[in-house]
$ cat query.txt   # compact mmCIF, C-alpha atoms (C1' of nucleotides)
# COMPACT_ATOMS: atom_id res chain seq x y z
CA MET I 1 288.78 127.55 113.39
CA ALA I 2 290.50 128.48 110.18
CA ARG I 3 293.07 131.07 109.22
CA THR I 4 295.17 131.92 112.28
CA ALA I 5 296.28 135.33 113.42
CA GLY I 6 299.44 136.69 111.83
CA SER I 7 299.69 134.00 109.20
CA HIS I 8 301.64 134.73 106.01
CA ALA I 9 302.77 132.51 103.19
CA GLU I 10 306.16 134.23 103.11
CA THR I 11 306.94 133.15 106.64
CA THR I 12 305.17 129.80 106.75
CA GLY I 13 306.72 128.46 103.56
CA PRO I 14 310.33 128.74 104.77
CA ARG I 15 309.32 127.55 108.22
CA VAL I 16 307.95 124.37 106.68
CA ARG I 17 311.24 123.71 104.94
CA GLU I 18 313.24 124.49 108.06
CA ALA I 19 311.13 122.18 110.20
CA ALA I 20 311.32 119.43 107.61
CA GLN I 21 315.09 119.82 107.38
CA ARG I 22 315.55 119.67 111.12
CA LEU I 23 313.31 116.65 111.61
CA ILE I 24 314.47 114.67 108.58
CA ALA I 25 318.12 115.24 109.48
CA ARG I 26 317.45 113.93 112.96
CA HIS I 27 315.10 111.01 112.33
CA GLY I 28 315.24 110.29 108.61
CA TYR I 29 312.75 110.94 105.86
CA ALA I 30 310.75 107.75 106.24
CA ALA I 31 310.51 108.13 110.01
CA VAL I 32 309.16 111.69 109.94
CA SER I 33 305.45 112.26 109.32
CA MET I 34 303.79 115.24 107.77
CA ARG I 35 301.91 115.67 111.03
CA GLN I 36 305.20 115.98 112.94
CA ILE I 37 306.46 118.61 110.52
CA ALA I 38 303.17 120.47 110.80
CA ALA I 39 303.30 120.36 114.60
CA GLU I 40 306.83 121.80 114.51
CA VAL I 41 305.56 124.69 112.41
CA GLY I 42 302.51 125.09 114.60
CA VAL I 43 299.98 124.20 111.93
CA GLN I 44 297.70 121.35 110.92
CA ALA I 45 298.99 118.74 108.49
CA GLY I 46 296.68 119.80 105.68
CA ALA I 47 298.20 123.27 105.62
CA LEU I 48 301.55 121.87 104.48
CA TYR I 49 300.02 121.13 101.11
CA LEU I 50 299.81 124.83 100.41
CA TYR I 51 303.61 124.80 100.30
CA THR I 52 304.50 121.48 98.76
CA PRO I 53 302.60 119.19 96.42
CA ASP I 54 303.66 116.16 98.47
CA LYS I 55 306.20 114.82 100.92
CA GLN I 56 308.55 113.56 98.23
CA THR I 57 308.84 117.00 96.64
CA LEU I 58 309.56 118.50 100.03
CA LEU I 59 312.58 116.20 100.35
CA TYR I 60 313.66 116.79 96.78
CA ASP I 61 313.49 120.57 97.19
CA LEU I 62 315.64 120.42 100.32
CA MET I 63 318.31 118.44 98.51
CA ARG I 64 318.14 120.46 95.32
CA LEU I 65 318.40 123.80 97.10
CA HIS I 66 321.37 122.51 99.08
CA MET I 67 323.21 121.32 96.00
CA GLU I 68 322.43 124.45 94.02
CA GLU I 69 323.74 126.66 96.78
CA LEU I 70 326.87 124.54 97.08
CA LEU I 71 327.53 124.73 93.34
CA ALA I 72 326.77 128.44 93.08
CA THR I 73 329.19 129.18 95.92
CA VAL I 74 332.07 127.06 94.71
CA GLU I 75 331.71 128.16 91.12
CA ALA I 76 331.78 131.81 92.16
CA LEU I 77 335.27 131.46 93.65
CA PRO I 78 337.92 133.31 91.65
CA PRO I 79 340.20 130.92 89.74
CA LEU I 80 343.61 130.10 91.17
CA ASP I 81 346.50 129.21 88.94
CA ASP I 82 348.58 127.15 91.32
CA PRO I 83 347.10 123.62 91.64
CA ARG I 84 348.28 123.29 95.23
CA ALA I 85 346.63 126.54 96.19
CA ALA I 86 343.46 125.53 94.39
CA LEU I 87 343.30 122.19 96.17
CA ASP I 88 344.04 123.77 99.52
CA ARG I 89 341.23 126.26 99.01
CA PHE I 90 338.85 123.55 97.85
CA ALA I 91 339.48 121.47 100.97
CA ARG I 92 338.99 124.41 103.30
CA PHE I 93 335.91 125.57 101.42
CA HIS I 94 334.34 122.13 101.43
CA ILE I 95 334.81 121.65 105.16
CA GLY I 96 333.70 125.15 106.06
CA HIS I 97 330.64 125.04 103.87
CA HIS I 98 329.60 121.62 105.13
CA LEU I 99 330.17 122.40 108.79
CA ASP I 100 327.89 125.41 108.39
CA ARG I 101 325.03 123.22 107.14
CA PRO I 102 325.15 119.95 109.03
CA GLU I 103 321.47 119.18 108.56
CA ALA I 104 321.38 119.80 104.83
CA VAL I 105 324.58 117.80 104.36
CA PHE I 106 323.26 114.90 106.37
CA ILE I 107 320.11 114.78 104.31
CA ALA I 108 321.98 115.09 101.03
CA TYR I 109 324.08 112.03 101.87
CA MET I 110 321.54 109.85 103.66
CA GLU I 111 318.27 110.32 101.87
CA LEU I 112 319.30 109.72 98.28
CA ARG I 113 317.56 106.38 98.27
CA ASN I 114 314.27 107.93 99.27
CA LEU I 115 314.13 109.99 96.10
CA THR I 116 312.09 108.86 93.13
CA PRO I 117 314.27 107.76 90.21
CA GLU I 118 313.75 111.04 88.36
CA ASN I 119 314.55 113.16 91.40
CA PHE I 120 317.54 110.99 92.18
CA ALA I 121 318.90 111.48 88.69
CA ALA I 122 318.60 115.25 89.02
CA ILE I 123 320.43 115.36 92.36
CA GLU I 124 323.04 112.93 91.13
CA ALA I 125 323.76 115.22 88.19
CA LEU I 126 324.37 118.16 90.54
CA ARG I 127 326.59 115.99 92.72
CA ARG I 128 328.65 114.94 89.71
CA ARG I 129 329.06 118.54 88.65
CA TYR I 130 330.52 119.36 92.06
CA GLU I 131 332.81 116.32 91.87
CA GLU I 132 333.98 117.47 88.46
CA GLY I 133 335.19 120.74 89.97
CA LEU I 134 337.60 118.85 92.18
CA ALA I 135 338.55 116.49 89.37
CA ALA I 136 339.53 119.49 87.24
CA ILE I 137 341.88 120.75 89.94
CA LEU I 138 343.50 117.34 90.26
CA ARG I 139 343.77 116.86 86.48
CA ASP I 140 345.44 120.21 86.08
CA GLY I 141 347.82 119.45 88.94
CA VAL I 142 348.82 116.12 87.40
CA ALA I 143 349.36 117.70 83.98
CA ARG I 144 351.65 120.29 85.49
CA GLY I 145 353.60 117.83 87.61
CA ALA I 146 352.40 119.08 90.98
CA PHE I 147 350.28 116.02 91.72
CA ALA I 148 350.65 112.29 91.18
CA LEU I 149 347.81 109.88 91.76
CA PRO I 150 346.97 106.32 90.83
CA ASP I 151 343.53 107.11 89.37
CA LEU I 152 341.84 110.47 88.88
CA ARG I 153 338.25 109.40 89.43
CA LEU I 154 339.14 107.31 92.44
CA ALA I 155 341.22 110.07 94.01
CA THR I 156 338.39 112.56 93.51
CA ARG I 157 335.94 110.36 95.35
CA ALA I 158 338.41 109.44 98.04
CA ILE I 159 339.10 113.09 98.82
CA ILE I 160 335.45 114.05 98.90
CA ALA I 161 334.62 111.09 101.15
CA MET I 162 337.46 112.04 103.46
CA LEU I 163 336.45 115.69 103.66
CA THR I 164 332.75 115.05 104.04
CA GLY I 165 333.45 112.56 106.81
CA VAL I 166 334.22 115.47 109.10
CA THR I 167 330.54 116.31 109.40
CA HIS I 168 329.91 112.93 111.02
CA TRP I 169 331.89 113.67 114.12
CA PHE I 170 332.77 117.37 114.31
CA ARG I 171 331.05 119.26 117.08
CA ASP I 172 331.69 122.80 118.20
CA MET I 173 332.92 122.77 121.78
CA GLY I 174 335.29 119.96 120.82
CA PRO I 175 339.05 120.23 121.33
CA MET I 176 339.65 121.63 117.84
CA GLY I 177 338.16 124.66 116.16
CA ARG I 178 336.72 124.67 112.67
CA ASP I 179 339.65 126.38 111.00
CA GLU I 180 342.10 124.15 112.76
CA VAL I 181 340.25 121.05 111.55
CA ALA I 182 340.06 122.45 108.03
CA ALA I 183 343.80 123.14 108.05
CA CYS I 184 344.59 119.58 109.15
CA TYR I 185 342.41 118.12 106.42
CA ALA I 186 343.87 120.43 103.78
CA GLU I 187 347.36 119.32 104.77
CA MET I 188 346.43 115.65 104.53
CA VAL I 189 344.66 116.07 101.21
CA LEU I 190 347.67 117.80 99.71
CA LYS I 191 349.93 114.98 100.86
CA THR I 192 347.53 112.38 99.47
CA VAL I 193 348.00 113.58 95.91
CA ALA I 194 351.42 115.24 96.10
CA ALA I 195 353.97 114.37 93.47
CA PRO I 196 356.94 112.50 94.97
CA MET C 197 296.75 76.37 107.43
CA ALA C 198 299.61 76.28 109.91
CA ARG C 199 303.07 74.76 109.92
CA THR C 200 304.32 74.50 106.35
CA ALA C 201 306.17 71.62 104.76
CA GLY C 202 309.93 71.60 105.20
CA SER C 203 309.99 74.31 107.83
CA HIS C 204 312.95 74.43 110.22
CA ALA C 205 314.10 77.07 112.66
CA GLU C 206 317.71 76.62 111.53
CA THR C 207 316.88 77.68 108.01
CA THR C 208 314.13 80.22 108.64
CA GLY C 209 316.06 82.15 111.28
CA PRO C 210 318.98 83.03 109.00
CA ARG C 211 316.63 83.64 106.12
CA VAL C 212 314.83 86.25 108.18
CA ARG C 213 318.09 88.06 108.87
CA GLU C 214 319.14 87.85 105.24
CA ALA C 215 315.84 89.21 104.00
CA ALA C 216 315.90 91.99 106.58
CA GLN C 217 319.46 92.89 105.61
CA ARG C 218 318.65 93.00 101.92
CA LEU C 219 315.51 95.06 102.32
CA ILE C 220 316.83 97.46 104.96
CA ALA C 221 319.99 98.09 102.95
CA ARG C 222 317.88 98.93 99.92
CA HIS C 223 315.03 100.94 101.42
CA GLY C 224 316.07 101.85 104.96
CA TYR C 225 314.90 100.54 108.30
CA ALA C 226 311.96 102.88 108.74
CA ALA C 227 310.70 102.24 105.22
CA VAL C 228 310.71 98.46 105.48
CA SER C 229 307.79 96.70 107.18
CA MET C 230 307.77 93.41 108.98
CA ARG C 231 305.24 92.21 106.42
CA GLN C 232 307.67 92.94 103.58
CA ILE C 233 310.41 90.99 105.34
CA ALA C 234 308.01 88.13 105.96
CA ALA C 235 306.92 88.10 102.33
CA GLU C 236 310.57 87.93 101.23
CA VAL C 237 311.04 84.88 103.45
CA GLY C 238 307.78 83.39 102.27
CA VAL C 239 306.05 83.49 105.61
CA GLN C 240 303.38 85.46 107.45
CA ALA C 241 304.40 88.45 109.53
CA GLY C 242 303.57 86.81 112.84
CA ALA C 243 306.10 84.05 112.23
CA LEU C 244 308.97 86.55 112.39
CA TYR C 245 308.40 86.91 116.11
CA LEU C 246 309.66 83.38 116.62
CA TYR C 247 313.07 84.71 115.56
CA THR C 248 313.23 88.20 116.97
CA PRO C 249 311.48 89.85 119.90
CA ASP C 250 310.80 92.96 117.80
CA LYS C 251 311.87 94.95 114.77
CA GLN C 252 314.39 97.04 116.69
CA THR C 253 316.27 93.99 117.90
CA LEU C 254 316.35 92.64 114.36
CA LEU C 255 318.19 95.79 113.26
CA TYR C 256 320.45 95.76 116.30
CA ASP C 257 321.41 92.13 115.73
CA LEU C 258 322.32 92.82 112.11
CA MET C 259 324.61 95.66 113.11
CA ARG C 260 326.10 93.86 116.09
CA LEU C 261 326.86 90.71 114.12
CA HIS C 262 328.47 92.80 111.39
CA MET C 263 330.70 94.68 113.81
CA GLU C 264 331.62 91.56 115.75
CA GLU C 265 332.65 89.75 112.60
CA LEU C 266 334.67 92.77 111.46
CA LEU C 267 336.49 93.00 114.79
CA ALA C 268 337.09 89.25 115.06
CA THR C 269 338.59 89.19 111.58
CA VAL C 270 340.86 92.20 111.95
CA GLU C 271 342.02 91.23 115.40
CA ALA C 272 342.93 87.75 114.19
CA LEU C 273 345.47 89.12 111.71
CA PRO C 274 349.06 88.33 112.68
CA PRO C 275 350.92 91.42 113.88
CA LEU C 276 353.25 93.23 111.52
CA ASP C 277 356.25 95.10 112.79
CA ASP C 278 356.69 97.61 109.99
CA PRO C 279 354.12 100.47 110.33
CA ARG C 280 353.96 100.97 106.59
CA ALA C 281 353.22 97.30 106.00
CA ALA C 282 350.63 97.33 108.77
CA LEU C 283 348.84 100.35 107.31
CA ASP C 284 348.98 98.91 103.82
CA ARG C 285 347.45 95.68 105.04
CA PHE C 286 344.80 97.54 107.04
CA ALA C 287 343.72 99.54 104.00
CA ARG C 288 343.49 96.48 101.79
CA PHE C 289 341.71 94.48 104.46
CA HIS C 290 339.18 97.24 105.13
CA ILE C 291 338.30 97.65 101.49
CA GLY C 292 338.16 93.94 100.78
CA HIS C 293 336.07 93.16 103.83
CA HIS C 294 333.64 96.00 103.14
CA LEU C 295 333.27 95.26 99.44
CA ASP C 296 332.32 91.70 100.36
CA ARG C 297 329.45 92.90 102.56
CA PRO C 298 327.94 95.96 100.92
CA GLU C 299 324.54 95.52 102.54
CA ALA C 300 325.81 95.08 106.08
CA VAL C 301 328.18 98.03 105.65
CA PHE C 302 325.43 100.25 104.32
CA ILE C 303 323.21 99.42 107.26
CA ALA C 304 326.01 99.91 109.77
CA TYR C 305 326.62 103.43 108.50
CA MET C 306 323.09 104.56 107.71
CA GLU C 307 320.88 103.13 110.40
CA LEU C 308 322.70 104.22 113.53
CA ARG C 309 320.07 106.81 114.27
CA ASN C 310 317.32 104.20 114.24
CA LEU C 311 318.86 102.37 117.17
CA THR C 312 317.57 102.92 120.68
CA PRO C 313 320.08 104.81 122.84
CA GLU C 314 321.27 101.64 124.58
CA ASN C 315 321.73 99.76 121.32
CA PHE C 316 323.45 102.76 119.79
CA ALA C 317 325.93 102.92 122.63
CA ALA C 318 326.77 99.25 122.20
CA ILE C 319 327.39 99.58 118.47
CA GLU C 320 329.32 102.80 118.95
CA ALA C 321 331.64 101.03 121.38
CA LEU C 322 332.41 98.34 118.79
CA ARG C 323 333.01 100.99 116.17
CA ARG C 324 335.45 102.81 118.42
CA ARG C 325 337.30 99.58 119.10
CA TYR C 326 337.81 99.12 115.37
CA GLU C 327 338.93 102.73 115.00
CA GLU C 328 341.41 102.21 117.79
CA GLY C 329 343.08 99.43 115.81
CA LEU C 330 343.93 101.88 113.07
CA ALA C 331 344.90 104.57 115.57
CA ALA C 332 347.41 102.16 117.12
CA ILE C 333 349.05 101.57 113.74
CA LEU C 334 349.30 105.32 113.12
CA ARG C 335 350.57 106.06 116.62
CA ASP C 336 353.29 103.45 116.30
CA GLY C 337 354.26 104.78 112.90
CA VAL C 338 354.57 108.32 114.23
CA ALA C 339 356.63 107.17 117.22
CA ARG C 340 359.04 105.38 114.92
CA GLY C 341 359.34 108.22 112.43
CA ALA C 342 357.59 106.48 109.55
CA PHE C 343 354.48 108.66 109.68
CA ALA C 344 353.80 112.33 110.26
CA LEU C 345 350.29 113.65 110.74
CA PRO C 346 348.70 116.81 112.06
CA ASP C 347 346.34 115.04 114.49
CA LEU C 348 346.04 111.35 115.30
CA ARG C 349 342.33 111.17 115.95
CA LEU C 350 341.51 113.27 112.93
CA ALA C 351 343.77 111.25 110.66
CA THR C 352 342.19 108.01 111.89
CA ARG C 353 338.72 109.20 111.03
CA ALA C 354 339.79 110.72 107.75
CA ILE C 355 341.34 107.45 106.60
CA ILE C 356 338.35 105.36 107.62
CA ALA C 357 335.96 107.76 105.90
CA MET C 358 338.09 107.68 102.77
CA LEU C 359 338.29 103.88 102.70
CA THR C 360 334.66 103.27 103.54
CA GLY C 361 333.62 105.69 100.84
CA VAL C 362 334.54 103.09 98.27
CA THR C 363 331.42 101.10 99.07
CA HIS C 364 329.25 104.00 97.92
CA TRP C 365 330.30 103.77 94.32
CA PHE C 366 332.21 100.57 93.67
CA ARG C 367 330.42 98.08 91.45
CA ASP C 368 331.78 94.91 90.01
CA MET C 369 331.76 95.14 86.22
CA GLY C 370 333.28 98.61 86.58
CA PRO C 371 336.56 99.52 84.89
CA MET C 372 338.64 98.56 87.93
CA GLY C 373 338.79 95.31 89.83
CA ARG C 374 338.60 95.02 93.59
CA ASP C 375 342.29 94.43 94.16
CA GLU C 376 343.20 97.24 91.85
CA VAL C 377 340.95 99.63 93.75
CA ALA C 378 342.31 98.42 97.07
CA ALA C 379 345.86 98.98 95.84
CA CYS C 380 345.08 102.54 94.75
CA TYR C 381 343.55 103.38 98.09
CA ALA C 382 346.42 101.80 100.01
CA GLU C 383 348.85 103.91 98.03
CA MET C 384 346.93 107.10 98.75
CA VAL C 385 346.52 106.30 102.43
CA LEU C 386 350.23 105.72 102.81
CA LYS C 387 350.99 109.05 101.16
CA THR C 388 348.44 110.80 103.36
CA VAL C 389 350.38 110.01 106.54
CA ALA C 390 353.89 109.51 105.20
CA ALA C 391 356.72 111.31 106.94
CA PRO C 392 358.26 113.95 104.68
C1' DA L 393 301.10 54.26 115.47
C1' DA L 394 300.63 57.84 118.74
C1' DG L 395 301.80 61.83 121.24
C1' DG L 396 304.01 65.90 121.79
C1' DT L 397 306.19 69.90 120.32
C1' DA L 398 308.05 73.02 117.00
C1' DT L 399 306.50 75.89 113.37
C1' DC L 400 303.45 78.67 111.08
C1' DT L 401 298.70 80.81 109.70
C1' DG L 402 295.15 84.14 109.68
C1' DA L 403 292.75 87.32 111.89
C1' DA L 404 292.56 90.77 114.97
C1' DC L 405 294.12 94.99 117.89
C1' DG L 406 294.87 99.92 118.21
C1' DC L 407 297.31 103.30 116.03
C1' DC L 408 299.40 106.21 112.57
C1' DG L 409 300.52 107.20 107.61
C1' DG L 410 299.88 110.74 103.33
C1' DT L 411 296.54 113.25 101.26
C1' DT L 412 292.00 115.71 100.25
C1' DC L 413 288.48 119.05 100.97
C1' DA L 414 284.48 121.69 102.56
C1' DG L 415 284.17 125.15 105.61
C1' DT L 416 285.92 129.02 108.59
C1' DT L 417 288.59 133.00 109.70
C1' DC L 418 291.97 136.60 109.02
C1' DA L 419 294.05 140.44 106.36
C1' DA L 420 294.38 143.47 102.80
C1' DG L 421 292.50 146.58 98.91
C1' DC L 422 289.01 149.50 97.62
C1' DG B 423 283.40 149.21 106.24
C1' DC B 424 282.87 145.71 102.84
C1' DT B 425 284.36 142.47 99.93
C1' DT B 426 287.43 139.16 98.30
C1' DG B 427 290.84 135.90 98.35
C1' DA B 428 294.62 133.90 100.94
C1' DA B 429 295.63 130.95 104.97
C1' DC B 430 294.31 127.52 107.72
C1' DT B 431 291.30 123.98 110.41
C1' DG B 432 289.29 119.63 111.39
C1' DA B 433 287.55 115.69 109.89
C1' DA B 434 287.59 112.17 106.92
C1' DC B 435 289.50 108.56 103.55
C1' DC B 436 291.81 104.31 102.91
C1' DG B 437 295.56 101.79 103.77
C1' DG B 438 299.48 100.02 106.28
C1' DC B 439 302.01 99.68 110.70
C1' DG B 440 304.13 96.48 114.71
C1' DT B 441 302.59 93.12 117.48
C1' DT B 442 299.72 89.29 119.67
C1' DC B 443 297.50 84.91 119.88
C1' DA B 444 294.41 80.95 119.38
C1' DG B 445 294.33 77.34 116.39
C1' DA B 446 296.08 74.31 112.77
C1' DT B 447 299.57 71.50 110.78
C1' DA B 448 304.06 69.12 110.10
C1' DC B 449 307.85 66.85 112.05
C1' DC B 450 310.29 64.06 115.60
C1' DT B 451 310.54 60.79 119.27
C1' DT B 452 309.26 56.70 121.12

$ encode --input "query.txt" --output "structure tokens"
Amino acid sequence: MARTAGSHAETTGPRVREAAQRLIARHGYAAVSMRQIAAEVGVQAGALYLYTPDKQTLLYDLMRLHMEELLATVEALPPLDDPRAALDRFARFHIGHHLDRPEAVFIAYMELRNLTPENFAAIEALRRRYEEGLAAILRDGVARGAFALPDLRLATRAIIAMLTGVTHWFRDMGPMGRDEVAACYAEMVLKTVAAP
Amino acid sequence: MARTAGSHAETTGPRVREAAQRLIARHGYAAVSMRQIAAEVGVQAGALYLYTPDKQTLLYDLMRLHMEELLATVEALPPLDDPRAALDRFARFHIGHHLDRPEAVFIAYMELRNLTPENFAAIEALRRRYEEGLAAILRDGVARGAFALPDLRLATRAIIAMLTGVTHWFRDMGPMGRDEVAACYAEMVLKTVAAP
DNA sequence: AAGGTATCTGAACGCCGGTTCAGTTCAAGC
DNA sequence: GCTTGAACTGAACCGGCGTTCAGATACCTT
């Protein structure tokens, strides 16, 4: 056998990435084989190499696309003058965006160590750029007296860790809805950095 | 060749666990082979099976021992009446304890999905018991008017996520010392749940 | 000194890993 | 309808995987 009926690169390519994302999020990069990904797509393992040069690049592309989408979305938001409003929106955006993409988020936070040093550096740079967006909000808030915090860098990381933590336990069908959860987190974040 | 000079179960056993902890923390459970662990100990792969029935149990034991030590330590702390003092101490304890054991902490948070369902349930139960310790502090603080928070369970998880996040970036030799970092976090945590 | 046991080696087992490639089939353009 | 190239198969390559076990050696007891 060879080429199968109804096969197209435009559909198979994305399906490879989707299958890889689903499997890697569930079992981890090292525990997932190219043959498993291929089986999920309904294809032999060799065919995957029409869509990725190797397994490592497949992982890297998943993480890069996720980070690029995250940055593009957050940087497209219209600026807000009030620091409190900006922080509130950031918290709600972060939670909403992450809850919409649990698999990509999981991979982005768990598979960093499986990247080659060069790929790691590239992802890390994107991550820092996102972090800097929050840091700018906090810095502005401190300068204008709305916020008070012991250390800017530390507060930035603490808030992101707190917000991202929601993806570890949130499940639809739970007692709280997404917006309700986001509102609670936004309230706590604002208190965390509020000026006395 | 066979038994090597100076070999003792009391020294090799712990060395196996230490090597496994170091390697798994660095590369991940699925990416580390029994032969790599054996090489780190200075032994052939077969010898590991004198100290663990299989690779899965080796991982499980690492996580169980870590959680048991964490629980034993936190539950041995003398009670504090003031909710604010209790929360402050919890935050500092959590950060200090976790910064002392970066490898065990990393494994405990990253390798949950590589546990068998039974082992996962056991670890999850220990984790919930730890979480409940913090929840009790918050609940008491709310009842006595010291704290105000939108949702107890959510606040508990948010605080633990925030505090544990420190292990992802903290490095000795950085600009801040451990106690300084712990103090900053404690201050932020207290503000997060403070009554208005 | 001798015997017994604890400790480890080294080789083997069967299986699965990522990756390559010659060959086969489908689909689209002329 | 024919040709051409894109899409895929199936088998192979070489290496590593977790695990087992018979045999060899070191240590401890007496």

$ atom_distance --input "query.txt" --atom1 "atom CA of C:Leu295" --atom2 "atom CA of C:Glu328"
21.2 Å

$ interface_residues --input "query.txt" --of "chain I" --to "chain C" --cutoff "9 Å" --atoms "only C-alpha atoms" --output "ChimeraX atom specification"
/I:26-31,110,113-114,149-151,154-155,157-166,169,181,183-185,187-194

$ residues_around --input "query.txt" --residues "I:Val43" --least-positions-apart "5" --cutoff "8 Å" --atoms "all atoms listed in the file" --output "number ranges by chain"
I: 38, 48; B: 430

$ closest_residue --input "query.txt" --among "B:DC436, B:DC443, B:DC424, B:DA429" --to "chain I" --atoms "only C-alpha atoms (C1' of nucleotides)"
B:DA429

$ interface_residues --input "query.txt" --of "chain C" --to "chain B" --cutoff "10 Å" --atoms "only C-alpha atoms (C1' of nucleotides)" --output "ChimeraX atom specification"
/C:197-204,229-231,241-242,245,249-251

$ closest_atom_pairs --input "query.txt" --of "chain L" --to "chain I" --cutoff "7 Å" --atoms "all atoms listed in the file" --output "Markdown table"
| residue | atom | partner | partner_atom | distance |
| --- | --- | --- | --- | --- |
| L:DT416 | C1' | I:Ala2 | CA | 4.9 |
| L:DT417 | C1' | I:Arg3 | CA | 4.9 |
| L:DC418 | C1' | I:Arg3 | CA | 5.6 |

$ atom_distance --input "query.txt" --atom1 "atom CA of C:Val212" --atom2 "atom CA of C:Met263"
18.8 Å

$ closest_residue --input "query.txt" --among "I:Ala104, I:Ala47, I:Leu77, I:Val142" --to "I:Glu18" --atoms "only C-alpha atoms"
I:Ala104

$ atom_distance --input "query.txt" --atom1 "atom CA of I:Ala72" --atom2 "atom CA of I:Arg127"
12.5 Å

$ residues_near_point --input "query.txt" --point "(321.3, 94.3, 100.9)" --cutoff "10 Å" --atoms "all atoms listed in the file" --output "list in words"
Glu214, Ala215, Ala216, Gln217, Arg218, Leu219, Ile220, Ala221, Arg222, His223, Arg297, Pro298, Glu299, Ala300, Val301, Phe302 and Ile303 of chain C

$ residues_around --input "query.txt" --residues "I:Ile123" --least-positions-apart "4" --cutoff "9 Å" --atoms "all atoms listed in the file" --output "PyMOL selection string"
chain I and resi 60+63-64+67+108+112+118-119+127-128

$ closest_residue --input "query.txt" --among "L:DC400, L:DC413, L:DA393, L:DC407" --to "C:Thr208" --atoms "all atoms listed in the file"
L:DC400

$ residues_around --input "query.txt" --residues "I:Ala86" --least-positions-apart "6" --cutoff "10 Å" --atoms "all atoms listed in the file" --output "number ranges by chain"
I: 78-80, 134, 137-138, 141

$ axis_aligned_box --input "query.txt" --around "stretch 170-188 of chain I" --padding-each-side "5 Å" --output "AutoDock Vina command-line options"
--center_x 339.2 --center_y 121.0 --center_z 112.8 --size_x 26.3 --size_y 20.7 --size_z 28.0

$ decode --input "query.txt" --residues "stretch 73-83 of chain I" --atoms "N, CA, C and O atoms" --output "mmCIF file, in the first residue's frame"
data_model
loop_
_atom_site.group_PDB
_atom_site.id
_atom_site.type_symbol
_atom_site.label_atom_id
_atom_site.label_comp_id
_atom_site.auth_asym_id
_atom_site.auth_seq_id
_atom_site.Cartn_x
_atom_site.Cartn_y
_atom_site.Cartn_z
ATOM 1 N N THR I 73 -1.980 37.704 21.404
ATOM 2 C CA THR I 73 -3.283 38.047 21.966
ATOM 3 C C THR I 73 -3.163 39.117 23.041
ATOM 4 O O THR I 73 -3.907 40.095 23.053
ATOM 5 N N VAL I 74 -2.228 38.944 23.944
ATOM 6 C CA VAL I 74 -2.136 39.885 25.062
ATOM 7 C C VAL I 74 -1.624 41.242 24.589
ATOM 8 O O VAL I 74 -2.026 42.291 25.114
ATOM 9 N N GLU I 75 -0.762 41.224 23.583
ATOM 10 C CA GLU I 75 -0.208 42.491 23.123
ATOM 11 C C GLU I 75 -1.183 43.247 22.214
ATOM 12 O O GLU I 75 -0.957 44.413 21.898
ATOM 13 N N ALA I 76 -2.235 42.568 21.795
ATOM 14 C CA ALA I 76 -3.248 43.225 20.967
ATOM 15 C C ALA I 76 -4.311 43.907 21.817
ATOM 16 O O ALA I 76 -5.163 44.627 21.295
ATOM 17 N N LEU I 77 -4.291 43.684 23.132
ATOM 18 C CA LEU I 77 -5.299 44.313 23.986
ATOM 19 C C LEU I 77 -5.080 45.819 24.005
ATOM 20 O O LEU I 77 -3.944 46.279 24.070
ATOM 21 N N PRO I 78 -6.157 46.581 23.954
ATOM 22 C CA PRO I 78 -6.012 48.042 24.016
ATOM 23 C C PRO I 78 -5.463 48.443 25.376
ATOM 24 O O PRO I 78 -5.813 47.851 26.390
ATOM 25 N N PRO I 79 -4.595 49.453 25.407
ATOM 26 C CA PRO I 79 -4.006 49.867 26.693
ATOM 27 C C PRO I 79 -5.061 50.411 27.653
ATOM 28 O O PRO I 79 -6.080 50.961 27.231
ATOM 29 N N LEU I 80 -4.813 50.213 28.928
ATOM 30 C CA LEU I 80 -5.693 50.764 29.966
ATOM 31 C C LEU I 80 -4.858 51.682 30.842
ATOM 32 O O LEU I 80 -3.735 51.349 31.212
ATOM 33 N N ASP I 81 -5.407 52.806 31.181
ATOM 34 C CA ASP I 81 -4.616 53.759 31.955
ATOM 35 C C ASP I 81 -4.557 53.410 33.427
ATOM 36 O O ASP I 81 -3.511 53.473 34.049
ATOM 37 N N ASP I 82 -5.671 52.990 33.979
ATOM 38 C CA ASP I 82 -5.711 52.700 35.417
ATOM 39 C C ASP I 82 -4.984 51.385 35.711
ATOM 40 O O ASP I 82 -5.348 50.338 35.185
ATOM 41 N N PRO I 83 -3.957 51.423 36.565
ATOM 42 C CA PRO I 83 -3.193 50.202 36.882
ATOM 43 C C PRO I 83 -4.069 49.094 37.440
ATOM 44 O O PRO I 83 -3.868 47.919 37.129
#
